[in-house]
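Participant: Handing you a structure now.
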Amino acid sequence: MVSYDGSNYKEYAKDTWPNNDDYIYNKAECIDNNGELVADAISFSPETKTATMITDKSIYCTLYFDETLIGRLREDDPNNTLSTDIVGDMYRYQGLNEQYQSDDLNYPVVDNNYICFGTNNKEACLNDEEKYMYRIIGITKDKELKLIKETFLKDDDDNYFFVWNAKYRISTPYNGTGDCDGEKCEWPNTLLFKRINGISNGNSKGASGDTNIFVGTTTNASSYDYLNTDSEWYKMIKSNNWMYGDTFTNENDVNSFNGNKMYRVEHGLDSTTTYLRDENGTENVLKNVTWEKSKDAKIGLMYIHDYYYAWPDENLNKENLIKTWIFFQNNNFNQVSEYELLIDRFGYNTSGGSSGILAACVYKNGEIGSHWSYNATHSVRPVFYTVPNIKIANGKGLKNNPYIVEIKKLT
């Protein structure tokens with residue numbers, strides 16, 4: 001609340017206005033010396049935090065601000081696990097999982113980013129966490145939440161291991177046709193991409209089958225029926241532009257990178273080196289590559305940078321995290337102690353013509369590694385972005401009191 005004397009100055013700048021990201025200007029109510037309302041007396045610039053008078057009257061004004069989505073998340077963040085600055089492309093939760101503690105290092109515990117998606121009934125969510133519980137990776141500058149499923153995806157047969165690209169396997173020795181070669185093994189053409197995005201043909205079931213397993217009206221996984229394409233929850237998922245490409249030649253390379261380096265590689269800002277086929281398609285040669293391809297889709301997986309950025313923020317710029325890996329592999333809120341597939345590839349392995357494409361994954365011990373794309377049968381946790389500015393009806397983000405989304409009719 002601030003008062004103005006119109007005869008003395010025309011604008012008022014105040015450093016203590018609410019934070020632009022946490023609050024958004026709503027309106028001003030102004031009265032003159034006679035107590036009469038003065039309409040349209042104030043213009044407010046959120047960029048400069050400046051209120052400008054557009055009347056010559058002597059007035060008294062009250063300015064009103066609404067709490068934004070990120071403001072709400074910060075309010076419920078006593079451990080300060082939500083970054084104060086943009087990390088990569090969003091404000092991110094960073095710190096340890098609840099079950100991990102350290103006597104040597106005082107890192108924050110991320111226990112306040114739980115959110116129910118698919119129901120606005122808290123009791124139903126808590127009674128079926130496998131179906132409804134997610135965790136917030138972060139929030140973008142456009143106020144979109146990035147969510148990851150807390151538990152592993154399952155199908156109707158209770159499988160929770162899925163193949164990255166079971167259809168294609170390289171021939172031995174390499175015969176020049178390359179079943180798992182080139183575009184056939186790129187992320188948008190993989191079996192897993194099609195199954196989690198509801199565009200598989202539904203010919204077979206099981207871990208290496210073709211049935212849809214997450215979204216789509218033909219999904220056999222009825223436990224995720226709230227993601228049928230005509231549902232309001234499905235409409236709350238934004239179609240995102242997912243970049244994809246190859247990363248490294250081996251695990252030692254990737255484990256020596258930090259979150260910032262990985263983010264730049266996975267957004268096409270920096271190049272990296274990996275083994276790819278030569279021009280004749282007969283041998284693997286070390287090539288310099290830059291991520292340039294992308295695909296619009298609702299559902300993706302974690303990137304390596306999402307995993308690295310979940311560490312406490314003081315480690316974002318360290319050059320060689322492998323030296324502290326023994327600690328960090330079990331102190332990342334996105335680490336779930338199971339083999340988990342990622343969106344990245346590692347290119348080919350280095351054993352010549354009999355080799356195939358490597359799919360990136362998180363190992364059980366928390367390390368980043370890779371397995372053959374044709375038989376990398378690991379757990380899957382879908383990742384997606386919500387539409388901007390979803391409303392949180394109640395909850396505190398705790399596992400026993402998660403955020404509940406206010407569902408509304410979307411067009």
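We name chains A, B, ... following the order of the structure tokens; residues begin at 1 in each chain, and ligands are numbered from 1 as shown.
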Name the residues in contact with Thr151 in chain A at a cut-off of 12 Å, using only C-alpha atoms, excluding same-chain residues fewer than 3 positions from it; report them as a ChimeraX atom specification.

Facilitator: /A:114,128-135,148,154,160,334-338,340,379-383

Participant: Could you save those same residues with C-alpha atoms as a short mmCIF file (atom, residue, chain, number, x, y, z; two decimals), in the first residue's frame?

Facilitator:
```
data_model
loop_
_atom_site.label_atom_id
_atom_site.label_comp_id
_atom_site.auth_asym_id
_atom_site.auth_seq_id
_atom_site.Cartn_x
_atom_site.Cartn_y
_atom_site.Cartn_z
CA TYR A 114 4.81 -34.27 -4.43
CA ASP A 128 -3.16 -45.37 -5.12
CA GLU A 129 0.18 -43.58 -5.37
CA GLU A 130 1.27 -45.79 -8.25
CA LYS A 131 -1.57 -44.37 -10.31
CA TYR A 132 -1.65 -40.71 -9.29
CA MET A 133 1.54 -39.56 -7.53
CA TYR A 134 4.12 -37.43 -9.33
CA ARG A 135 7.01 -35.18 -8.33
CA ILE A 148 7.92 -37.01 -13.37
CA LYS A 154 3.13 -50.56 -15.27
CA TYR A 160 7.18 -52.44 -15.06
CA ASN A 334 15.36 -38.30 -8.80
CA GLN A 335 17.31 -41.47 -7.99
CA VAL A 336 15.01 -44.45 -7.41
CA SER A 337 17.41 -47.41 -6.94
CA GLU A 338 16.35 -49.19 -10.12
CA GLU A 340 15.70 -46.43 -15.45
CA SER A 379 11.91 -49.25 -15.65
CA VAL A 380 10.26 -46.16 -17.09
CA ARG A 381 9.01 -42.98 -15.41
CA PRO A 382 7.22 -40.69 -17.87
CA VAL A 383 7.98 -36.97 -17.82
#
```

Participant: Taking only C-alpha atoms into account, which of A:Asp21, A:Asp40, A:Asp210, A:Asp246 comes nearest Val289 in chain A?

Facilitator: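 Of all the options, A:Asp246 lies closest to Val289 in chain A.
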
Participant: Just want the 6 Å neighbourhood of Phe65 in chain A, counted on only C-alpha atoms, with same-chain residues fewer than 4 positions away dropped. Output as a ChimeraX atom specification.

Facilitator: /A:23-26

Participant: Kindly save the residues from that selection, with N, CA and C atoms included, as a PDB file, in the first residue's frame.

Facilitator:
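The resulting file, out-v5.pdb, is shown below:
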```pdb
ATOM      1  N   TYR A  23       4.695 -13.099  -7.351  1.00  0.00           N
ATOM      2  CA  TYR A  23       3.415 -12.390  -7.346  1.00  0.00           C
ATOM      3  C   TYR A  23       3.239 -11.649  -8.660  1.00  0.00           C
ATOM      4  N   ILE A  24       2.000 -11.438  -9.032  1.00  0.00           N
ATOM      5  CA  ILE A  24       1.688 -10.695 -10.246  1.00  0.00           C
ATOM      6  C   ILE A  24       0.698  -9.587  -9.896  1.00  0.00           C
ATOM      7  N   TYR A  25       0.927  -8.431 -10.469  1.00  0.00           N
ATOM      8  CA  TYR A  25       0.066  -7.282 -10.201  1.00  0.00           C
ATOM      9  C   TYR A  25      -1.357  -7.563 -10.672  1.00  0.00           C
ATOM     10  N   ASN A  26      -2.307  -7.241  -9.813  1.00  0.00           N
ATOM     11  CA  ASN A  26      -3.713  -7.450 -10.139  1.00  0.00           C
ATOM     12  C   ASN A  26      -4.414  -6.139 -10.460  1.00  0.00           C
TER      13      ASN A  26
END
```

Participant: Which polymer residues have any atom within 12 Å of an atom of Asp77 in chain A, counting only C-alpha atoms, with same-chain residues fewer than 3 positions away left out, as a PDB file with N, CA and C atoms, in the first residue's frame?

Facilitator:
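Below is the file that was written, result-v2.pdb:
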```pdb
ATOM      1  N   ILE A  70       4.623 -20.237  -8.757  1.00  0.00           N
ATOM      2  CA  ILE A  70       5.942 -20.391  -8.145  1.00  0.00           C
ATOM      3  C   ILE A  70       5.982 -19.756  -6.766  1.00  0.00           C
ATOM      4  N   GLY A  71       5.196 -18.697  -6.567  1.00  0.00           N
ATOM      5  CA  GLY A  71       5.096 -18.107  -5.236  1.00  0.00           C
ATOM      6  C   GLY A  71       4.531 -19.096  -4.236  1.00  0.00           C
ATOM      7  N   ARG A  72       3.539 -19.858  -4.680  1.00  0.00           N
ATOM      8  CA  ARG A  72       2.952 -20.874  -3.811  1.00  0.00           C
ATOM      9  C   ARG A  72       3.975 -21.961  -3.491  1.00  0.00           C
ATOM     10  N   LEU A  73       4.740 -22.383  -4.491  1.00  0.00           N
ATOM     11  CA  LEU A  73       5.742 -23.421  -4.253  1.00  0.00           C
ATOM     12  C   LEU A  73       6.822 -22.937  -3.293  1.00  0.00           C
ATOM     13  N   ARG A  74       7.222 -21.683  -3.428  1.00  0.00           N
ATOM     14  CA  ARG A  74       8.240 -21.148  -2.515  1.00  0.00           C
ATOM     15  C   ARG A  74       7.696 -21.041  -1.087  1.00  0.00           C
ATOM     16  N   ASN A  80      14.246 -24.784   1.414  1.00  0.00           N
ATOM     17  CA  ASN A  80      14.887 -24.030   0.319  1.00  0.00           C
ATOM     18  C   ASN A  80      15.466 -24.958  -0.743  1.00  0.00           C
ATOM     19  N   THR A  81      14.659 -25.933  -1.165  1.00  0.00           N
ATOM     20  CA  THR A  81      15.111 -26.861  -2.199  1.00  0.00           C
ATOM     21  C   THR A  81      14.727 -26.399  -3.601  1.00  0.00           C
ATOM     22  N   LEU A  82      13.905 -25.370  -3.724  1.00  0.00           N
ATOM     23  CA  LEU A  82      13.562 -24.817  -5.035  1.00  0.00           C
ATOM     24  C   LEU A  82      14.537 -23.688  -5.338  1.00  0.00           C
ATOM     25  N   SER A  83      15.270 -23.802  -6.442  1.00  0.00           N
ATOM     26  CA  SER A  83      16.338 -22.848  -6.737  1.00  0.00           C
ATOM     27  C   SER A  83      15.809 -21.420  -6.804  1.00  0.00           C
ATOM     28  N   THR A  84      16.614 -20.491  -6.374  1.00  0.00           N
ATOM     29  CA  THR A  84      16.220 -19.080  -6.412  1.00  0.00           C
ATOM     30  C   THR A  84      16.424 -18.476  -7.789  1.00  0.00           C
ATOM     31  N   ARG A  92      14.332 -25.205 -10.308  1.00  0.00           N
ATOM     32  CA  ARG A  92      14.357 -26.644 -10.084  1.00  0.00           C
ATOM     33  C   ARG A  92      14.474 -27.003  -8.610  1.00  0.00           C
ATOM     34  N   TYR A  93      13.858 -28.150  -8.273  1.00  0.00           N
ATOM     35  CA  TYR A  93      14.066 -28.727  -6.949  1.00  0.00           C
ATOM     36  C   TYR A  93      15.408 -29.444  -6.950  1.00  0.00           C
ATOM     37  N   GLN A  94      16.194 -29.179  -5.894  1.00  0.00           N
ATOM     38  CA  GLN A  94      17.549 -29.710  -5.821  1.00  0.00           C
ATOM     39  C   GLN A  94      17.853 -30.156  -4.399  1.00  0.00           C
ATOM     40  N   PRO A 108      19.999 -29.894   1.745  1.00  0.00           N
ATOM     41  CA  PRO A 108      18.550 -29.907   1.979  1.00  0.00           C
ATOM     42  C   PRO A 108      17.910 -31.192   1.469  1.00  0.00           C
ATOM     43  N   VAL A 109      16.802 -31.553   2.071  1.00  0.00           N
ATOM     44  CA  VAL A 109      16.044 -32.740   1.698  1.00  0.00           C
ATOM     45  C   VAL A 109      14.813 -32.311   0.919  1.00  0.00           C
ATOM     46  N   VAL A 110      14.642 -32.890  -0.272  1.00  0.00           N
ATOM     47  CA  VAL A 110      13.469 -32.570  -1.100  1.00  0.00           C
ATOM     48  C   VAL A 110      12.332 -33.494  -0.687  1.00  0.00           C
ATOM     49  N   ASP A 111      11.431 -32.970   0.114  1.00  0.00           N
ATOM     50  CA  ASP A 111      10.275 -33.755   0.552  1.00  0.00           C
ATOM     51  C   ASP A 111       8.973 -32.995   0.340  1.00  0.00           C
ATOM     52  N   ASN A 112       9.022 -31.940  -0.474  1.00  0.00           N
ATOM     53  CA  ASN A 112       7.858 -31.064  -0.610  1.00  0.00           C
ATOM     54  C   ASN A 112       7.507 -30.786  -2.068  1.00  0.00           C
ATOM     55  N   ASN A 113       7.814 -31.736  -2.958  1.00  0.00           N
ATOM     56  CA  ASN A 113       7.468 -31.535  -4.370  1.00  0.00           C
ATOM     57  C   ASN A 113       6.557 -32.634  -4.899  1.00  0.00           C
ATOM     58  N   TYR A 114       5.757 -33.231  -4.026  1.00  0.00           N
ATOM     59  CA  TYR A 114       4.807 -34.266  -4.426  1.00  0.00           C
ATOM     60  C   TYR A 114       3.504 -33.624  -4.908  1.00  0.00           C
ATOM     61  N   LYS A 396       0.379 -29.296   0.620  1.00  0.00           N
ATOM     62  CA  LYS A 396       1.653 -28.643   0.931  1.00  0.00           C
ATOM     63  C   LYS A 396       2.832 -29.274   0.198  1.00  0.00           C
ATOM     64  N   GLY A 397       2.580 -30.179  -0.711  1.00  0.00           N
ATOM     65  CA  GLY A 397       3.653 -30.803  -1.460  1.00  0.00           C
ATOM     66  C   GLY A 397       4.323 -31.958  -0.742  1.00  0.00           C
ATOM     67  N   LEU A 398       3.830 -32.337   0.432  1.00  0.00           N
ATOM     68  CA  LEU A 398       4.411 -33.442   1.192  1.00  0.00           C
ATOM     69  C   LEU A 398       3.844 -34.769   0.700  1.00  0.00           C
TER      70      LEU A 398
END
```

Participant: With a distance cut-off of 8 Å and only C-alpha atoms, select the neighbouring residues of Asn33 in chain A, excluding the residue or stretch itself and same-chain residues fewer than 4 positions from it, and output the selection as a ChimeraX atom specification.

Facilitator: /A:58-60

Participant: What separation in Å, quoted to one decimal, exists between CA of Phe161 in chain A and CA of Ile137 in chain A?

Facilitator: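 So the two atoms, CA of Phe161 in chain A and CA of Ile137 in chain A, lie 22.5 Å apart.
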
Participant: Nearest residue to Ser200 in chain A out of A:Phe214, A:Gly138, A:Trp187, A:Ser231, using only C-alpha atoms?

Facilitator: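 Using only C-alpha atoms, Ser200 in chain A sits closest to A:Phe214.
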
Participant: Tell me, as a PyMOL selection string, which residues lie within 12 Å of Arg264 in chain A, counting only C-alpha atoms; anything in the same chain fewer than 3 positions away does not count.

Facilitator: chain A and resi 87-89+243+247+257-261+267-272+290-292+303-306

Participant: Ranking A:Thr48, A:Asn394, A:Thr386, A:Asn332 by minimum distance to Lys143 in chain A and counting only C-alpha atoms, which one comes first?

Facilitator: A:Thr386

Participant: Please determine, counting only C-alpha atoms, which residue among A:Asp344, A:Glu367, A:Asp230, A:Asp56 has the shortest atom-to-atom distance to Glu186 in chain A.

Facilitator: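 Residue with the minimum atom-to-atom distance to Glu186 in chain A: A:Asp344.
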
Participant: Excluding Ile390 in chain A and residues on its chain fewer than 3 positions from it, collect all residues at most 9 Å away from it, counting only C-alpha atoms, and give them as a list in words.

Facilitator: Leu69, Lys143, Glu144, Leu145, Met236, Thr386, Val387, Val405, Glu406 and Ile407 of chain A

Participant: What is the distance between CA of Lys399 in chain A and CA of Phe333 in chain A, in Å to one decimal?

Facilitator: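 Between these atoms lies a distance of 13.0 Å.
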
Participant: Check the smallest atom-to-atom distance from each of A:Leu276, A:Gly118, A:Ala360, A:Ile136 to Glu232 in chain A using only C-alpha atoms, then report the winner.

Facilitator: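 The answer is A:Gly118, which sits nearest to Glu232 in chain A.
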
Participant: Pick the closest to Ile199 in chain A from A:Ala297, A:Cys125, A:Asn241, A:Phe346: which is it, counting only C-alpha atoms?

Facilitator: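 The closest residue to Ile199 in chain A is A:Ala297.
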